[in-house]
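Novice: Quick one: the structure is below, questions incoming.
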Amino acid sequence: MSQNVQSSQRVTAAILVIGDEILSGRTKDANIGYIADHLLPLGIDLKEVRIVADDEAAIVEAVNALRGRCAYVFTTGGIGPTHDDITADAIAKAFDVPIGVDPRAVAVMKPVFEARGFPLTEARLRMARIPQGATLIHNSLSAAPGFMLDNVIVMAGVPSIMRVMLEDATQYLQRGTPVKSRSIDVPHPEGEIADIFRAYAASFPDVAMGSYPQRTDGRLWTQLVLRSVDGQRLAEAERGLIANLAERGLIPQQH
């Protein structure tokens, strides 16, 4: 099933974070940024992030909405041994497929759990319940696997486990052309350059441009970031913007 190939098309992704503990603020998410950083060099554009409660209907609705418009959906959370870990069941419902204890998952978990002196209780076997037709995602830390069903990759919420699952899942991902970026630091507040920057950005509709206000030692300044998959166009846009800003005395003249 490995799809580790590059495509000239844009490959998109969404993240679905699942868990009451995230919405309540009890647990601070540490996975979104990591996944985004992981996808960037693969040429996969993260387009949307949603957070939903441990509610089957909410998970099903979100999964079906996101998988229909993104190449991949990465879910985190809700695949543990407790009663509120309902992600696997919700994914099965979203795809309208059966779910049950998967012998492949049991075969992976059994020797690891036994070696640690942990019997495979009914609660632990909940982590072996996999929707029919899914590919297992390896978990080198705690053995209980994640899975990939069509374009949905289901991973644990615990950051260390999520990371090893994401690494294993990468082999199945189609890659796009990585987005390149350039940044220009302007020693002026954002409001002073907004009109100039907006007009310039309109002349390069194929290069994404954004401005990010900064504060250092009480001084306001702005970082302008340019992004494109076309290195030549990116370089052209960067040169033109630097010249434009320098001519107006907003940054030092380049030599």
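Scheme for the structure tokens: letters A, B, ... for chains in order shown; per-chain residue numbers from 1; ligand numbers from 1 in order shown.
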Residues within 12 Å of region 161-163 of chain A, please, as a CSV table (one decimal) with C-alpha atoms, in the first residue's frame. Count only C-alpha atoms; anything in the same chain fewer than 3 positions from it doesn't count.
Specialist:
```
chain,number,residue,atom,x,y,z
A,17,VAL,CA,-8.1,16.5,17.4
A,29,ASP,CA,-2.4,20.1,22.5
A,30,ALA,CA,1.1,19.3,21.5
A,31,ASN,CA,0.4,17.5,18.3
A,32,ILE,CA,-0.9,20.0,15.8
A,33,GLY,CA,2.4,21.9,15.4
A,34,TYR,CA,4.4,18.7,15.2
A,35,ILE,CA,2.2,17.2,12.5
A,36,ALA,CA,2.3,20.5,10.5
A,37,ASP,CA,6.1,20.6,10.7
A,38,HIS,CA,6.3,16.9,9.6
A,74,PHE,CA,-5.0,12.9,10.6
A,75,THR,CA,-6.9,12.2,13.8
A,76,THR,CA,-5.4,12.3,17.3
A,77,GLY,CA,-6.9,11.0,20.5
A,78,GLY,CA,-9.6,8.6,21.6
A,79,ILE,CA,-8.1,5.2,20.8
A,80,GLY,CA,-7.2,4.1,24.4
A,137,ILE,CA,0.0,1.9,11.9
A,138,HIS,CA,2.9,0.6,13.9
A,139,ASN,CA,3.4,1.8,17.5
A,140,SER,CA,7.0,1.1,18.7
A,141,LEU,CA,6.4,2.5,22.1
A,142,SER,CA,3.3,0.8,23.6
A,143,ALA,CA,2.4,-1.7,20.8
A,144,ALA,CA,-1.3,-0.8,20.5
A,145,PRO,CA,-1.5,0.2,16.9
A,146,GLY,CA,-3.2,3.1,15.1
A,147,PHE,CA,-4.7,2.5,11.7
A,153,ILE,CA,-4.9,8.2,9.6
A,154,VAL,CA,-5.9,7.5,13.2
A,155,MET,CA,-3.3,8.0,15.9
A,156,ALA,CA,-3.0,8.3,19.6
A,157,GLY,CA,-3.3,11.6,21.4
A,158,VAL,CA,-0.2,11.0,23.7
A,166,LEU,CA,3.1,9.5,12.3
A,167,GLU,CA,6.6,8.3,11.3
A,168,ASP,CA,5.3,4.9,10.4
A,169,ALA,CA,2.2,6.3,8.5
A,170,THR,CA,4.5,8.5,6.4
```
Novice: Residues of region 145-229 of chain A that approach region 39-53 of chain A to 8 Å or less, counting only C-alpha atoms: could you list each one with the shortest pair of atoms and its distance in Å to one decimal, rows by chain and increasing residue number, as a Markdown table?
Specialist:
```
| residue | atom | partner | partner_atom | distance |
| --- | --- | --- | --- | --- |
| A:Arg175 | CA | A:Leu42 | CA | 5.3 |
| A:Gly176 | CA | A:Gly43 | CA | 4.2 |
| A:Thr177 | CA | A:Gly43 | CA | 4.7 |
| A:Pro178 | CA | A:Gly43 | CA | 3.7 |
| A:Val179 | CA | A:Gly43 | CA | 6.3 |
```
Novice: Take the residues from that selection and write them out as a PDB file, in the first residue's frame, keeping C-alpha atoms.
Specialist:
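What follows is the written file selection_21.pdb:
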```pdb
ATOM      1  CA  ARG A 175       4.025  13.627  -1.473  1.00  0.00           C
ATOM      2  CA  GLY A 176       3.601  16.933  -3.216  1.00  0.00           C
ATOM      3  CA  THR A 177       6.025  19.646  -4.202  1.00  0.00           C
ATOM      4  CA  PRO A 178       7.377  21.226  -1.000  1.00  0.00           C
ATOM      5  CA  VAL A 179       6.552  24.879  -0.428  1.00  0.00           C
TER       6      VAL A 179
END
```
Novice: For CA of Pro81 (chain A) and CA of Leu125 (chain A), determine how far apart the two atoms are, in Å to one decimal place.
Specialist: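 Distance between the two atoms: 7.4 Å.
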Novice: Which residues come within 10 Å of Arg198 (chain A), counting only C-alpha atoms, excluding same-chain residues fewer than 4 positions away, as a ChimeraX atom specification?
Specialist: /A:193-194,202-203,209-211
Novice: With only C-alpha atoms as the basis for distance, which of A:Arg248, A:Asp230, A:Pro189, A:Arg219 is at the shortest distance from Asp206 (chain A)?
Specialist: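 Of all the options, A:Asp230 lies closest to Asp206 (chain A).
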Novice: Can you measure CA of Gln214 (chain A) to CA of Gly191 (chain A) for me? One decimal in Å is fine.
Specialist: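 According to the coordinates, CA of Gln214 (chain A) and CA of Gly191 (chain A) are separated by 12.0 Å.
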Novice: Would you give me, as a PyMOL selection string, the residues in region 97-189 of chain A that DSSP reads as helix (DSSP H, G or I)?
Specialist: chain A and resi 103-115+122-128+159-172
Novice: Given only C-alpha atoms as the basis, pick out the residue of A:Tyr72, A:Glu238, A:Ala58, A:Val63 nearest to Leu173 (chain A).
Specialist: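 Counting only C-alpha atoms, the residue closest to Leu173 (chain A) is A:Tyr72.
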Novice: Find the residues near Ala201 (chain A): any atom within 10 Å, counting only C-alpha atoms, skip ones fewer than 5 places away on the same chain, and give them as a PyMOL selection string.
Specialist: chain A and resi 195-196+206-210+226+237+241
Novice: Produce a file of the selected residues containing C-alpha atoms, as a short mmCIF file (atom, residue, chain, number, x, y, z; two decimals), in the first residue's frame.
Specialist:
```
data_model
loop_
_atom_site.label_atom_id
_atom_site.label_comp_id
_atom_site.auth_asym_id
_atom_site.auth_seq_id
_atom_site.Cartn_x
_atom_site.Cartn_y
_atom_site.Cartn_z
CA ASP A 195 -0.92 49.30 2.07
CA ILE A 196 2.41 48.93 0.28
CA ASP A 206 0.91 32.89 -7.43
CA VAL A 207 3.11 33.69 -4.40
CA ALA A 208 1.46 33.59 -0.97
CA MET A 209 2.47 36.55 1.16
CA GLY A 210 1.78 37.22 4.81
CA LEU A 226 6.66 34.78 1.01
CA ALA A 237 8.98 38.20 -5.81
CA LEU A 241 9.77 43.36 -2.66
#
```
Novice: Rounded to one decimal in Å, what is the spacing between CA of Ile18 (chain A) and CA of Thr87 (chain A)?
Specialist: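 If I compute the distance from CA of Ile18 (chain A) to CA of Thr87 (chain A), I get 7.7 Å.
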Novice: Quick check for you: according to DSSP on this backbone, which residues of region 19-250 of chain A are classed as strand (DSSP E)? Reply as a PyMOL selection string.
Specialist: chain A and resi 44-52+72-76+99-101+129-131+135-137+146-149+152-155+180-186+208-216+219-228
Novice: Output C-alpha atoms of each residue in that selection to a file, as a PDB file, in the first residue's frame.
Specialist:
```pdb
ATOM      1  CA  ILE A  44       1.554  18.271   2.073  1.00  0.00           C
ATOM      2  CA  ASP A  45      -0.396  21.453   2.800  1.00  0.00           C
ATOM      3  CA  LEU A  46      -2.212  21.545   6.121  1.00  0.00           C
ATOM      4  CA  LYS A  47      -5.497  23.298   5.321  1.00  0.00           C
ATOM      5  CA  GLU A  48      -7.657  22.887   8.410  1.00  0.00           C
ATOM      6  CA  VAL A  49      -7.640  21.856  12.053  1.00  0.00           C
ATOM      7  CA  ARG A  50     -10.754  20.909  14.003  1.00  0.00           C
ATOM      8  CA  ILE A  51     -11.200  19.975  17.649  1.00  0.00           C
ATOM      9  CA  VAL A  52     -14.234  17.922  18.676  1.00  0.00           C
ATOM     10  CA  TYR A  72      -5.506  13.090   4.115  1.00  0.00           C
ATOM     11  CA  VAL A  73      -7.114  13.468   7.525  1.00  0.00           C
ATOM     12  CA  PHE A  74      -4.980  12.879  10.620  1.00  0.00           C
ATOM     13  CA  THR A  75      -6.887  12.219  13.833  1.00  0.00           C
ATOM     14  CA  THR A  76      -5.367  12.262  17.307  1.00  0.00           C
ATOM     15  CA  ILE A  99     -15.304  -3.106  13.561  1.00  0.00           C
ATOM     16  CA  GLY A 100     -13.991  -5.785  15.883  1.00  0.00           C
ATOM     17  CA  VAL A 101     -10.917  -7.112  17.645  1.00  0.00           C
ATOM     18  CA  ARG A 129     -10.496  -3.056  17.731  1.00  0.00           C
ATOM     19  CA  ILE A 130      -9.851  -1.988  14.141  1.00  0.00           C
ATOM     20  CA  PRO A 131     -12.360  -1.136  11.393  1.00  0.00           C
ATOM     21  CA  THR A 135      -4.035  -0.840   7.485  1.00  0.00           C
ATOM     22  CA  LEU A 136      -2.326  -0.997  10.874  1.00  0.00           C
ATOM     23  CA  ILE A 137      -0.047   1.870  11.887  1.00  0.00           C
ATOM     24  CA  GLY A 146      -3.169   3.099  15.095  1.00  0.00           C
ATOM     25  CA  PHE A 147      -4.659   2.526  11.666  1.00  0.00           C
ATOM     26  CA  MET A 148      -5.268   4.035   8.260  1.00  0.00           C
ATOM     27  CA  LEU A 149      -8.617   3.596   6.530  1.00  0.00           C
ATOM     28  CA  VAL A 152      -7.892   8.815   7.283  1.00  0.00           C
ATOM     29  CA  ILE A 153      -4.913   8.184   9.577  1.00  0.00           C
ATOM     30  CA  VAL A 154      -5.942   7.467  13.170  1.00  0.00           C
ATOM     31  CA  MET A 155      -3.316   8.031  15.851  1.00  0.00           C
ATOM     32  CA  LYS A 180       9.603  27.122  -0.257  1.00  0.00           C
ATOM     33  CA  SER A 181       9.627  30.278   1.831  1.00  0.00           C
ATOM     34  CA  ARG A 182      11.581  33.490   2.249  1.00  0.00           C
ATOM     35  CA  SER A 183      11.302  36.076   5.010  1.00  0.00           C
ATOM     36  CA  ILE A 184      12.112  39.783   5.125  1.00  0.00           C
ATOM     37  CA  ASP A 185      12.419  41.659   8.405  1.00  0.00           C
ATOM     38  CA  VAL A 186      11.122  45.226   8.236  1.00  0.00           C
ATOM     39  CA  ALA A 208       1.461  33.587  -0.969  1.00  0.00           C
ATOM     40  CA  MET A 209       2.467  36.548   1.164  1.00  0.00           C
ATOM     41  CA  GLY A 210       1.783  37.219   4.806  1.00  0.00           C
ATOM     42  CA  SER A 211       2.843  39.772   7.404  1.00  0.00           C
ATOM     43  CA  TYR A 212       3.511  38.963  11.040  1.00  0.00           C
ATOM     44  CA  PRO A 213       3.879  41.715  13.661  1.00  0.00           C
ATOM     45  CA  GLN A 214       6.743  41.240  16.117  1.00  0.00           C
ATOM     46  CA  ARG A 215       7.940  42.918  19.290  1.00  0.00           C
ATOM     47  CA  THR A 216      11.540  42.847  20.497  1.00  0.00           C
ATOM     48  CA  ARG A 219      10.228  47.731  19.602  1.00  0.00           C
ATOM     49  CA  LEU A 220       7.593  46.887  17.002  1.00  0.00           C
ATOM     50  CA  TRP A 221       8.691  45.428  13.689  1.00  0.00           C
ATOM     51  CA  THR A 222       7.225  43.176  10.992  1.00  0.00           C
ATOM     52  CA  GLN A 223       8.299  39.958   9.359  1.00  0.00           C
ATOM     53  CA  LEU A 224       7.090  39.499   5.792  1.00  0.00           C
ATOM     54  CA  VAL A 225       6.922  35.882   4.639  1.00  0.00           C
ATOM     55  CA  LEU A 226       6.664  34.781   1.008  1.00  0.00           C
ATOM     56  CA  ARG A 227       5.775  31.190   0.048  1.00  0.00           C
ATOM     57  CA  SER A 228       5.606  29.318  -3.250  1.00  0.00           C
TER      58      SER A 228
END
```
